[in-house]
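For reference, query.txt is printed below; it contains compact mmCIF, C-alpha atoms.
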```
# COMPACT_ATOMS: atom_id res chain seq x y z
CA MET E 1 115.05 81.34 126.70
CA LYS E 2 114.86 84.96 127.86
CA THR E 3 116.54 86.11 124.63
CA SER E 4 113.99 84.17 122.55
CA LYS E 5 111.08 85.82 124.37
CA ILE E 6 112.58 89.27 123.78
CA LEU E 7 113.03 88.45 120.10
CA ILE E 8 109.41 87.25 119.78
CA ILE E 9 108.10 90.42 121.47
CA PHE E 10 110.26 92.56 119.20
CA CYS E 11 108.94 90.80 116.06
CA ILE E 12 105.33 91.20 117.23
CA SER E 13 105.95 94.90 117.81
CA LEU E 14 107.35 95.29 114.31
CA PHE E 15 104.35 93.47 112.88
CA LEU E 16 101.84 95.63 114.75
CA GLY E 17 103.73 98.73 113.72
CA ALA E 18 103.62 97.66 110.08
CA CYS E 19 99.87 96.98 110.37
CA LYS E 20 99.37 100.41 111.90
CA ASN E 21 101.30 102.09 109.10
CA ASN E 22 99.31 100.17 106.49
CA ALA E 23 96.05 101.14 108.19
CA ASN E 24 97.07 104.78 108.17
CA GLN E 25 97.57 104.63 104.41
CA ASN E 26 94.17 103.00 103.90
CA GLU E 27 92.15 104.36 106.80
CA ASN E 28 89.12 105.32 104.72
CA THR E 29 86.18 102.98 105.21
CA HIS E 30 83.30 102.43 102.79
CA ASP E 31 81.53 105.29 104.62
CA ASP E 32 84.47 107.68 104.21
CA TRP E 33 86.22 109.51 101.39
CA SER E 34 87.99 111.90 103.70
CA ILE E 35 90.78 113.04 101.39
CA PHE E 36 91.08 114.26 97.81
CA ARG E 37 91.20 111.24 95.45
CA GLY E 38 90.17 108.90 98.27
CA ASN E 39 93.56 108.01 99.81
CA PRO E 40 97.01 109.55 100.49
CA ALA E 41 98.41 107.95 97.32
CA LEU E 42 95.76 109.87 95.31
CA THR E 43 94.83 106.82 93.21
CA GLY E 44 91.15 107.71 92.79
CA TYR E 45 90.30 104.05 93.40
CA THR E 46 87.69 102.40 95.61
CA ASP E 47 86.41 98.83 95.79
CA VAL E 48 82.88 100.13 96.40
CA SER E 49 80.54 98.81 93.69
CA LEU E 50 78.14 101.17 91.93
CA PRO E 51 74.44 100.29 91.45
CA GLU E 52 73.48 99.00 88.02
CA ASN E 53 71.20 101.92 87.23
CA PRO E 54 71.96 104.85 89.58
CA ALA E 55 69.09 107.20 90.37
CA LEU E 56 69.25 110.85 91.42
CA LEU E 57 68.21 110.74 95.08
CA TRP E 58 68.41 114.45 95.90
CA ILE E 59 70.13 117.77 95.19
CA PHE E 60 71.38 120.07 97.94
CA LYS E 61 71.54 123.66 96.69
CA SER E 62 74.07 125.81 98.51
CA GLU E 63 73.65 128.64 95.95
CA SER E 64 77.31 129.48 96.42
CA ASN E 65 80.06 128.98 93.81
CA THR E 66 82.82 126.48 94.53
CA ARG E 67 85.74 124.77 92.81
CA SER E 68 86.04 122.25 95.64
CA THR E 69 85.61 118.49 95.47
CA PRO E 70 83.45 117.17 98.35
CA ILE E 71 85.01 114.82 100.87
CA ILE E 72 83.05 112.46 103.12
CA TYR E 73 83.56 111.62 106.77
CA ASN E 74 81.10 109.49 108.79
CA GLN E 75 78.70 109.67 105.82
CA ILE E 76 78.66 113.50 105.82
CA ALA E 77 79.87 115.35 102.71
CA TYR E 78 81.96 118.47 103.37
CA TRP E 79 83.19 121.21 101.04
CA SER E 80 83.93 124.92 101.07
CA ASP E 81 82.55 127.61 98.80
CA ARG E 82 84.77 130.32 97.34
CA ARG E 83 84.01 132.66 100.25
CA GLY E 84 85.20 130.19 102.89
CA ARG E 85 81.88 128.82 104.07
CA ILE E 86 82.12 125.10 104.86
CA PHE E 87 79.04 122.96 104.32
CA GLY E 88 78.29 119.53 105.76
CA VAL E 89 75.41 117.50 104.29
CA ASN E 90 74.27 114.03 105.37
CA THR E 91 73.05 111.16 103.17
CA ASP E 92 69.45 112.45 103.42
CA GLY E 93 70.47 115.76 101.86
CA GLU E 94 70.16 117.69 105.13
CA GLN E 95 72.74 120.30 106.14
CA VAL E 96 74.26 119.32 109.50
CA PHE E 97 77.41 121.47 109.51
CA ASP E 98 77.98 125.13 108.75
CA TYR E 99 81.18 127.05 109.42
CA ALA E 100 82.22 130.40 107.97
CA MET E 101 85.88 131.42 107.66
CA ASN E 102 84.90 134.60 105.77
CA THR E 103 88.02 134.40 103.59
CA ALA E 104 88.43 133.28 99.99
CA VAL E 105 89.07 129.55 99.49
CA GLU E 106 89.94 127.55 96.37
CA ALA E 107 91.32 124.43 98.08
CA ILE E 108 89.76 121.05 98.84
CA PRO E 109 89.52 120.09 102.53
CA MET E 110 90.86 116.94 104.19
CA ILE E 111 89.60 115.28 107.37
CA ARG E 112 91.65 113.34 109.90
CA ASN E 113 90.39 112.12 113.32
CA SER E 114 87.32 114.43 113.35
CA THR E 115 89.42 117.47 112.37
CA LEU E 116 88.97 119.24 109.05
CA TYR E 117 92.06 120.81 107.49
CA ILE E 118 91.77 123.40 104.74
CA GLY E 119 93.99 126.01 103.11
CA ARG E 120 92.91 129.55 102.29
CA ILE E 121 93.86 132.13 99.66
CA ASP E 122 95.43 134.31 102.37
CA GLY E 123 97.99 131.56 103.06
CA PHE E 124 96.59 130.15 106.31
CA LEU E 125 96.02 126.44 106.91
CA TYR E 126 93.06 125.93 109.27
CA ALA E 127 92.38 122.96 111.57
CA ILE E 128 88.68 122.88 112.50
CA CYS E 129 87.11 120.55 115.08
CA LEU E 130 83.99 119.03 113.51
CA GLU E 131 82.32 118.24 116.83
CA LYS E 132 82.72 121.69 118.36
CA GLN E 133 82.68 123.55 115.03
CA ASP E 134 85.59 125.60 116.27
CA THR E 135 89.13 126.42 115.08
CA LEU E 136 91.82 124.36 116.83
CA TRP E 137 94.81 126.11 115.28
CA THR E 138 96.04 128.00 112.24
CA PHE E 139 99.36 127.80 110.43
CA GLU E 140 100.57 130.75 108.37
CA THR E 141 102.36 130.45 105.03
CA PHE E 142 103.28 133.44 102.88
CA GLY E 143 101.36 132.54 99.74
CA GLN E 144 97.96 131.18 98.84
CA ILE E 145 97.15 127.52 99.47
CA ALA E 146 95.35 126.11 96.46
CA ALA E 147 95.80 122.37 97.03
CA SER E 148 94.29 119.83 99.36
CA PRO E 149 96.46 118.80 102.35
CA ASN E 150 97.70 115.23 102.62
CA ARG E 151 98.65 113.18 105.69
CA MET E 152 101.10 110.60 107.01
CA ASN E 153 102.59 109.16 110.19
CA PHE E 154 106.31 108.96 110.97
CA ASP E 155 108.50 108.94 114.10
CA GLY E 156 105.46 109.42 116.33
CA ASN E 157 104.28 112.42 114.33
CA ASP E 158 100.81 112.57 112.86
CA ALA E 159 101.62 114.99 110.05
CA ILE E 160 99.81 117.20 107.55
CA ILE E 161 101.64 118.00 104.30
CA VAL E 162 100.64 120.99 102.19
CA GLY E 163 102.23 123.22 99.56
CA SER E 164 101.96 126.99 99.23
CA TYR E 165 102.48 129.70 96.66
CA ASP E 166 105.38 130.89 98.83
CA ASN E 167 107.29 128.03 97.11
CA ASN E 168 107.46 125.90 100.28
CA LEU E 169 106.18 122.44 101.08
CA TYR E 170 105.28 122.25 104.77
CA VAL E 171 105.15 119.24 107.11
CA ILE E 172 103.02 120.18 110.12
CA ASN E 173 102.03 118.39 113.33
CA SER E 174 98.30 117.69 112.96
CA LYS E 175 97.54 118.16 116.66
CA THR E 176 99.57 121.24 117.52
CA GLY E 177 99.86 123.02 114.18
CA ARG E 178 103.62 123.37 114.68
CA GLU E 179 106.02 123.05 111.79
CA ILE E 180 107.99 119.79 111.76
CA ASN E 181 110.06 120.74 108.72
CA TYR E 182 109.72 122.23 105.25
CA PHE E 183 111.20 122.04 101.78
CA GLU E 184 111.91 125.15 99.72
CA SER E 185 110.86 124.49 96.14
CA GLY E 186 111.89 126.43 93.05
CA TYR E 187 108.38 127.69 92.30
CA TYR E 188 104.92 127.87 93.81
CA ILE E 189 103.20 124.57 94.65
CA ASN E 190 99.74 124.31 93.17
CA GLY E 191 98.71 120.64 93.44
CA ALA E 192 98.29 118.14 96.24
CA VAL E 193 101.24 115.85 96.94
CA ALA E 194 100.94 112.06 96.73
CA VAL E 195 102.26 109.99 99.64
CA SER E 196 104.28 106.78 99.45
CA GLN E 197 105.70 105.50 102.75
CA ASN E 198 107.63 108.48 104.23
CA PHE E 199 108.05 110.18 100.88
CA VAL E 200 105.89 112.64 98.97
CA VAL E 201 105.85 113.15 95.21
CA TYR E 202 104.58 116.20 93.36
CA GLY E 203 104.97 118.09 90.11
CA GLY E 204 105.50 121.82 89.89
CA CYS E 205 104.68 124.71 87.63
CA ASP E 206 108.45 124.93 87.03
CA GLY E 207 108.41 121.57 85.20
CA TRP E 208 110.14 119.56 87.95
CA ILE E 209 108.88 116.33 89.50
CA ARG E 210 110.24 116.13 93.04
CA VAL E 211 110.50 113.40 95.67
CA ILE E 212 110.75 114.71 99.25
CA ASP E 213 111.54 112.83 102.46
CA ALA E 214 108.85 114.14 104.82
CA THR E 215 110.82 113.06 107.90
CA SER E 216 113.67 115.45 107.08
CA GLY E 217 112.18 117.90 104.60
CA LYS E 218 114.99 117.10 102.16
CA GLN E 219 114.70 116.31 98.48
CA THR E 220 115.82 112.77 97.67
CA ASP E 221 115.39 112.95 93.91
CA SER E 222 113.96 115.06 91.08
CA LEU E 223 113.25 114.94 87.37
CA ASP E 224 113.15 117.94 85.03
CA ILE E 225 110.59 117.43 82.26
CA ASP E 226 110.65 121.14 81.38
CA ILE E 227 106.85 121.29 80.94
CA TYR E 228 104.25 122.80 83.29
CA ILE E 229 102.65 120.14 85.54
CA PRO E 230 99.19 121.37 86.58
CA ALA E 231 97.88 118.32 88.48
CA SER E 232 98.90 115.85 91.16
CA PRO E 233 100.47 112.42 90.62
CA ALA E 234 98.93 109.08 91.60
CA ILE E 235 101.03 106.34 93.22
CA ILE E 236 100.48 102.60 93.27
CA GLU E 237 103.04 100.12 94.59
CA ASN E 238 106.43 101.54 93.50
CA PHE E 239 105.09 103.47 90.53
CA ALA E 240 103.98 107.08 90.21
CA TYR E 241 101.89 108.38 87.30
CA ILE E 242 101.80 112.05 86.42
CA ALA E 243 100.62 114.11 83.43
CA ASP E 244 101.96 117.38 82.02
CA HIS E 245 100.33 120.30 80.24
CA SER E 246 101.54 119.14 76.81
CA GLY E 247 99.61 115.87 76.87
CA ASN E 248 102.31 113.48 78.08
CA VAL E 249 101.73 110.89 80.81
CA TYR E 250 104.79 109.58 82.65
CA GLU E 251 105.41 106.41 84.62
CA LEU E 252 108.10 106.75 87.30
CA LYS E 253 109.52 103.74 89.09
CA LEU E 254 110.39 104.62 92.70
CA ASN E 255 112.68 102.94 95.22
CA LYS E 256 113.39 104.41 98.66
CA GLY E 257 112.90 107.98 97.52
CA LYS E 258 114.77 107.59 94.26
CA ILE E 259 113.42 107.71 90.70
CA VAL E 260 114.94 104.49 89.38
CA SER E 261 113.55 104.90 85.87
CA HIS E 262 110.93 106.86 83.95
CA LYS E 263 109.15 106.66 80.61
CA LYS E 264 106.29 108.23 78.69
CA ILE E 265 103.27 105.97 78.43
CA LEU E 266 101.13 108.48 76.53
CA GLU E 267 102.27 111.17 74.11
CA PRO E 268 100.13 113.72 72.26
CA LYS E 269 99.47 113.32 68.55
CA ASP E 270 99.14 117.09 68.27
CA GLU E 271 100.26 120.11 70.27
CA ASN E 272 96.74 121.02 71.39
CA ARG E 273 96.22 118.13 73.81
CA THR E 274 96.75 118.89 77.47
CA HIS E 275 96.08 117.18 80.81
CA VAL E 276 94.89 119.15 83.83
CA SER E 277 93.35 116.32 85.85
CA VAL E 278 94.85 113.59 88.05
CA PRO E 279 95.19 110.03 86.67
CA ALA E 280 93.11 107.28 88.25
CA VAL E 281 95.10 104.08 88.80
CA SER E 282 94.21 100.44 89.42
CA ASN E 283 96.37 97.31 89.47
CA GLU E 284 95.94 96.92 85.72
CA MET E 285 95.22 100.33 84.23
CA VAL E 286 95.84 104.09 84.24
CA TYR E 287 92.93 106.34 83.23
CA ILE E 288 93.52 109.93 82.19
CA VAL E 289 91.18 112.63 80.86
CA SER E 290 92.51 114.77 78.02
CA ASP E 291 91.25 118.07 76.65
CA ASP E 292 90.78 116.40 73.26
CA ARG E 293 87.52 115.24 74.94
CA HIS E 294 88.70 111.65 75.36
CA ILE E 295 89.44 109.55 78.37
CA TYR E 296 92.33 107.14 77.76
CA ALA E 297 92.81 103.72 79.36
CA ILE E 298 96.49 102.71 79.43
CA ASN E 299 97.60 99.18 80.24
CA ARG E 300 100.19 99.44 83.05
CA LYS E 301 101.97 96.26 82.03
CA THR E 302 102.37 96.98 78.31
CA GLY E 303 102.15 100.78 78.30
CA SER E 304 99.74 100.60 75.35
CA ILE E 305 96.34 102.31 75.00
CA ALA E 306 93.67 99.70 75.77
CA TRP E 307 90.82 101.98 74.69
CA LYS E 308 89.73 105.59 74.48
CA HIS E 309 86.25 107.02 74.84
CA LEU E 310 84.93 110.29 73.42
CA LEU E 311 83.19 112.25 76.17
CA LYS E 312 80.28 114.63 75.70
CA GLY E 313 81.34 118.22 76.26
CA GLU E 314 84.60 119.95 77.06
CA THR E 315 86.80 118.31 79.69
CA GLY E 316 88.59 120.11 82.51
CA GLU E 317 89.95 119.63 86.03
CA SER E 318 87.59 116.85 87.11
CA SER E 319 89.50 113.59 87.60
CA PRO E 320 87.98 110.12 87.04
CA VAL E 321 87.25 107.67 89.83
CA ILE E 322 87.50 103.86 89.59
CA CYS E 323 84.81 101.82 91.36
CA ASN E 324 85.77 98.19 90.88
CA ASP E 325 84.77 97.45 87.28
CA LYS E 326 83.27 100.88 86.57
CA LEU E 327 84.65 104.34 85.99
CA ILE E 328 82.95 107.67 86.82
CA VAL E 329 84.05 110.63 84.74
CA CYS E 330 82.69 114.19 84.48
CA THR E 331 83.05 116.90 81.85
CA ARG E 332 83.25 120.63 82.44
CA ASP E 333 79.95 120.95 80.56
CA GLY E 334 78.18 118.97 83.28
CA ILE E 335 77.89 115.45 81.84
CA VAL E 336 78.45 112.58 84.30
CA SER E 337 79.28 109.23 82.66
CA ILE E 338 79.85 105.70 83.95
CA LEU E 339 82.03 103.52 81.75
CA ASP E 340 83.06 99.89 81.80
CA THR E 341 86.72 99.81 82.90
CA LYS E 342 87.70 96.98 80.54
CA SER E 343 85.97 98.05 77.33
CA GLY E 344 85.29 101.76 77.79
CA ASN E 345 81.65 101.20 76.84
CA LEU E 346 79.15 103.74 78.14
CA LEU E 347 76.90 102.21 80.83
CA TRP E 348 75.09 105.27 82.22
CA GLU E 349 74.94 109.03 81.71
CA TYR E 350 73.42 112.08 83.39
CA ASP E 351 73.39 115.77 82.42
CA THR E 352 73.53 118.07 85.46
CA GLY E 353 73.11 121.15 83.28
CA GLU E 354 75.86 122.91 85.25
CA GLN E 355 79.64 123.27 85.03
CA ILE E 356 81.67 120.64 86.88
CA PHE E 357 85.24 121.20 88.09
CA ALA E 358 85.07 118.76 91.02
CA SER E 359 85.93 115.08 90.94
CA PRO E 360 83.36 112.40 91.88
CA THR E 361 83.26 111.20 95.49
CA VAL E 362 82.11 107.68 96.37
CA ILE E 363 80.98 105.87 99.52
CA ASN E 364 78.98 102.69 100.03
CA GLY E 365 75.59 103.12 98.39
CA TYR E 366 76.12 106.65 97.06
CA PHE E 367 78.24 108.82 94.81
CA TYR E 368 78.33 112.61 94.79
CA ILE E 369 78.89 115.25 92.13
CA LEU E 370 79.43 118.89 93.17
CA THR E 371 78.86 121.57 90.53
CA PHE E 372 80.46 124.99 90.21
CA LYS E 373 77.16 126.55 91.35
CA GLY E 374 77.54 124.72 94.64
CA ASN E 375 74.82 122.14 94.04
CA LEU E 376 75.54 118.68 95.44
CA PHE E 377 73.98 115.82 93.41
CA CYS E 378 73.58 112.52 95.25
CA PHE E 379 73.13 109.33 93.21
CA GLY E 380 72.41 105.83 94.47
CA LYS E 381 70.07 102.88 94.32
CA LYS E 382 66.42 103.89 94.46
```
Structure translated into structure tokens:
Amino acid sequence: MKTSKILIIFCISLFLGACKNNANQNENTHDDWSIFRGNPALTGYTDVSLPENPALLWIFKSESNTRSTPIIYNQIAYWSDRRGRIFGVNTDGEQVFDYAMNTAVEAIPMIRNSTLYIGRIDGFLYAICLEKQDTLWTFETFGQIAASPNRMNFDGNDAIIVGSYDNNLYVINSKTGREINYFESGYYINGAVAVSQNFVVYGGCDGWIRVIDATSGKQTDSLDIDIYIPASPAIIENFAYIADHSGNVYELKLNKGKIVSHKKILEPKDENRTHVSVPAVSNEMVYIVSDDRHIYAINRKTGSIAWKHLLKGETGESSPVICNDKLIVCTRDGIVSILDTKSGNLLWEYDTGEQIFASPTVINGYFYILTFKGNLFCFGKK
């Protein structure tokens, strides 16, 4: 009888632990988009529904250039300009947070438990307390940090994962700022890593796709595609999707840190097509923006192109976002479009009149577009 009770308690503990791990992977609520691409797997997916006919509610003008994508925590949008000034704007368009690091920044911030983490050009990762508007700790790397940090939990560690131009991928304790471990890559790390369980996946400027065990800092597998990979992967279930600079999109099947198989699901028809944005992934489809001015919808099951849509203006770094049955996509020339995910038909369009490098950010009732000039556009139901 005593043995049975112990076994029951042990099973309950395992169940609660599994629930906790699952919650950590999906901790964003409908009022939060606290990490680049919305979640640690970088899928660019949310089940928030967009209004039928979105209206421009307000524009916050920071008058300061930025290449950042805004993130949202407790309904406040945060981003940094290129000089290291961090803005926080609420859903009424009022600035409620202002913090100056006075150092050049290109990276996108990430927020975890009321702490904002952001990398700087001088190689420092900063942890900033939102409540006190004060620096908690800094972590020094020896190259610029251009990517957004990611996060995970393992072995009692609440960890931040970030790459640097010093060729290293760092796993850092989120509370103390101390290094847990690191992986020495073959080249500088430009993009954010995608998280799957205790593993991270990323592509490098050296043409390698790598899988790293964050608990040990050791590489568990790699794939040499011999083509520059400018953007991050997206992971759903046991599959990772990643695009290269020559216009190819790859599907990698993963199992316990190993690349079991891989295949191209999109190949360029000419040598001029490139991809510099992150795929958006749902259960059925992969959406990728190409510099041939199209967005492609690829059926995950068949690997075939379901549809493609010609966008207005030149495309760039902005990555699409899936909102249930709708897709938000931006062009570098400032056009924001909403498409039907199944047909690719245009449902709504808005011209900001400004360059857009940032990806859309979505919470319940609103979506945000940040322009290169540092103007935050808020759309919602009027």
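Take the candidates E:Thr315, E:Gln95, E:Asn299, E:Ser64 and check each one against Thr341 in chain E using only C-alpha atoms; the shortest distance goes to E:Asn299.
Nearest to Glu106 in chain E of all the residues E:Gln133, E:Gly44, E:Leu169, E:Asn190 is E:Asn190, counting all atoms listed in the file.
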Quick one: 8 Å padding each side, axis-aligned, all listed atoms of range 86-95 of chain E - centre and edge lengths in Å to one decimal, as AutoDock Vina command-line options?
```
--center_x 75.8 --center_y 118.1 --center_z 104.0 --size_x 28.7 --size_y 29.9 --size_z 20.3
```
Correct to one decimal, the distance CA of Lys301 in chain E-CA of Gly247 in chain E is 20.4 Å
Neighbour list for Ala306 in chain E as a list in words, cut-off 9 Å, only C-alpha atoms, skip fewer than 5 positions in-chain
Met285, Tyr296, Ala297, Ile298, Asn299, Lys342, Ser343 and Gly344 of chain E
Excluding Ser185 in chain E and residues on its chain fewer than 3 positions from it, collect all residues at most 9 Å away from it, counting all atoms listed in the file, and give them as a ChimeraX atom specification.
/E:166-169,188-189,204,210
Find the residue from E:Asn198, E:Asn248, E:Ser80, E:Ser49 that sits nearest to Arg67 in chain E; use all atoms listed in the file when measuring.
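Comparing E:Asn198, E:Asn248, E:Ser80, E:Ser49 against Arg67 in chain E, the winner is E:Ser80.
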Nearest to Ser222 in chain E, chosen from E:Asn150, E:Thr361, E:Thr176, E:Ser261, with only C-alpha atoms counted in the distances
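Ranking E:Asn150, E:Thr361, E:Thr176, E:Ser261 by distance to Ser222 in chain E, first place goes to E:Ser261.
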For Val171 in chain E, work out the shell of residues within 12 Å, counting only C-alpha atoms and skipping chain neighbours fewer than 4 positions away, then give it as a PyMOL selection string.
chain E and resi 125+139+141+149-154+157-164+176-184+193+198-200+212-218
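Rounded to one decimal, CA of Asp244 in chain E and CA of Gly143 in chain E lie 23.3 Å from each other.
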Nearest to Lys263 in chain E, chosen from E:Leu130, E:Val278, E:Cys378, E:Leu223, with only C-alpha atoms counted in the distances:
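When distances to Lys263 in chain E are compared using only C-alpha atoms, the smallest one comes from E:Leu223.
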Exercise: range 317-319 of chain E partners within 6 Å, all atoms listed in the file, chain neighbours under 3 positions left out, as a ChimeraX atom specification
/E:276-278,357-359
Kindly save the residues from that selection, with C-alpha atoms included, as a compact mmCIF listing (two decimals), in the frame of the given file.
```txt
# COMPACT_ATOMS: atom_id res chain seq x y z
CA VAL E 276 94.89 119.15 83.83
CA SER E 277 93.35 116.32 85.85
CA VAL E 278 94.85 113.59 88.05
CA PHE E 357 85.24 121.20 88.09
CA ALA E 358 85.07 118.76 91.02
CA SER E 359 85.93 115.08 90.94
```
Can you tell me how far CA of Asp155 in chain E sits from CA of Leu136 in chain E, in Å to one decimal?
22.9 Å
Using only C-alpha atoms, can you tell me which of E:Phe142, E:Pro54, E:Arg112, E:Lys264 comes closest to Tyr241 in chain E?
E:Lys264
Show which residues sit within 6 Å of Ile242 in chain E, as a PyMOL selection string. Count all atoms listed in the file, and ignore same-chain residues fewer than 4 positions away.
chain E and resi 233+249-250
Include C-alpha atoms and write out the residues we just selected as an mmCIF file, in the frame of the given file.
```
data_model
loop_
_atom_site.group_PDB
_atom_site.id
_atom_site.type_symbol
_atom_site.label_atom_id
_atom_site.label_comp_id
_atom_site.auth_asym_id
_atom_site.auth_seq_id
_atom_site.Cartn_x
_atom_site.Cartn_y
_atom_site.Cartn_z
ATOM 1 C CA PRO E 233 100.470 112.420 90.620
ATOM 2 C CA VAL E 249 101.730 110.890 80.810
ATOM 3 C CA TYR E 250 104.790 109.580 82.650
#
```
Up to 9 Å from (96.5, 108.8, 97.6) in the file's coordinates: name the residues, counting all atoms listed in the file, as a short mmCIF file (atom, residue, chain, number, x, y, z; two decimals) with C-alpha atoms, keeping the file's coordinate frame.
```cif
data_model
loop_
_atom_site.label_atom_id
_atom_site.label_comp_id
_atom_site.auth_asym_id
_atom_site.auth_seq_id
_atom_site.Cartn_x
_atom_site.Cartn_y
_atom_site.Cartn_z
CA GLN E 25 97.57 104.63 104.41
CA ASN E 26 94.17 103.00 103.90
CA ILE E 35 90.78 113.04 101.39
CA PHE E 36 91.08 114.26 97.81
CA ARG E 37 91.20 111.24 95.45
CA GLY E 38 90.17 108.90 98.27
CA ASN E 39 93.56 108.01 99.81
CA PRO E 40 97.01 109.55 100.49
CA ALA E 41 98.41 107.95 97.32
CA LEU E 42 95.76 109.87 95.31
CA THR E 43 94.83 106.82 93.21
CA GLY E 44 91.15 107.71 92.79
CA TYR E 45 90.30 104.05 93.40
CA ASN E 150 97.70 115.23 102.62
CA VAL E 193 101.24 115.85 96.94
CA ALA E 194 100.94 112.06 96.73
CA VAL E 195 102.26 109.99 99.64
CA SER E 196 104.28 106.78 99.45
CA PRO E 233 100.47 112.42 90.62
CA ALA E 234 98.93 109.08 91.60
CA ILE E 235 101.03 106.34 93.22
CA ILE E 236 100.48 102.60 93.27
#
```
Taking (110.4, 101.0, 90.6) in the file's own coordinates, collect the residues within 10 Å, counting all atoms listed in the file, and hand them back as a list in words.
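The answer, in the requested form, is Glu237, Asn238, Phe239, Ala240, Glu251, Leu252, Lys253, Leu254, Asn255, Lys256, Lys258, Ile259, Val260, Ser261 and His262 of chain E.
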When you get a chance, write out all heavy atoms for range 189-194 of chain E, as a PDB file, in the frame of the given file.
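Saved as selection38.pdb:
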```
ATOM      1  N   ILE E 189     103.740 125.938  94.661  1.00  0.00           N
ATOM      2  CA  ILE E 189     103.200 124.570  94.650  1.00  0.00           C
ATOM      3  C   ILE E 189     101.686 124.670  94.555  1.00  0.00           C
ATOM      4  O   ILE E 189     101.029 125.202  95.454  1.00  0.00           O
ATOM      5  CB  ILE E 189     103.635 123.804  95.908  1.00  0.00           C
ATOM      6  CG1 ILE E 189     105.170 123.747  95.965  1.00  0.00           C
ATOM      7  CG2 ILE E 189     103.053 122.395  95.900  1.00  0.00           C
ATOM      8  CD1 ILE E 189     105.721 123.176  97.260  1.00  0.00           C
ATOM      9  N   ASN E 190     101.156 124.146  93.461  1.00  0.00           N
ATOM     10  CA  ASN E 190      99.740 124.310  93.170  1.00  0.00           C
ATOM     11  C   ASN E 190      98.907 123.066  93.499  1.00  0.00           C
ATOM     12  O   ASN E 190      97.769 123.175  93.937  1.00  0.00           O
ATOM     13  CB  ASN E 190      99.561 124.654  91.684  1.00  0.00           C
ATOM     14  CG  ASN E 190      98.124 124.927  91.311  1.00  0.00           C
ATOM     15  OD1 ASN E 190      97.545 125.901  91.754  1.00  0.00           O
ATOM     16  ND2 ASN E 190      97.555 124.067  90.493  1.00  0.00           N
ATOM     17  N   GLY E 191      99.476 121.869  93.275  1.00  0.00           N
ATOM     18  CA  GLY E 191      98.710 120.640  93.440  1.00  0.00           C
ATOM     19  C   GLY E 191      98.977 119.930  94.746  1.00  0.00           C
ATOM     20  O   GLY E 191      99.946 120.212  95.452  1.00  0.00           O
ATOM     21  N   ALA E 192      98.087 118.981  95.058  1.00  0.00           N
ATOM     22  CA  ALA E 192      98.290 118.140  96.240  1.00  0.00           C
ATOM     23  C   ALA E 192      99.439 117.173  95.995  1.00  0.00           C
ATOM     24  O   ALA E 192      99.664 116.733  94.865  1.00  0.00           O
ATOM     25  CB  ALA E 192      97.013 117.365  96.555  1.00  0.00           C
ATOM     26  N   VAL E 193     100.164 116.835  97.055  1.00  0.00           N
ATOM     27  CA  VAL E 193     101.240 115.850  96.940  1.00  0.00           C
ATOM     28  C   VAL E 193     100.675 114.451  97.142  1.00  0.00           C
ATOM     29  O   VAL E 193      99.677 114.271  97.839  1.00  0.00           O
ATOM     30  CB  VAL E 193     102.363 116.121  97.964  1.00  0.00           C
ATOM     31  CG1 VAL E 193     102.947 117.505  97.774  1.00  0.00           C
ATOM     32  CG2 VAL E 193     101.846 115.949  99.404  1.00  0.00           C
ATOM     33  N   ALA E 194     101.297 113.461  96.511  1.00  0.00           N
ATOM     34  CA  ALA E 194     100.940 112.060  96.730  1.00  0.00           C
ATOM     35  C   ALA E 194     101.928 111.444  97.701  1.00  0.00           C
ATOM     36  O   ALA E 194     103.125 111.748  97.661  1.00  0.00           O
ATOM     37  CB  ALA E 194     100.936 111.298  95.410  1.00  0.00           C
TER      38      ALA E 194
END
```
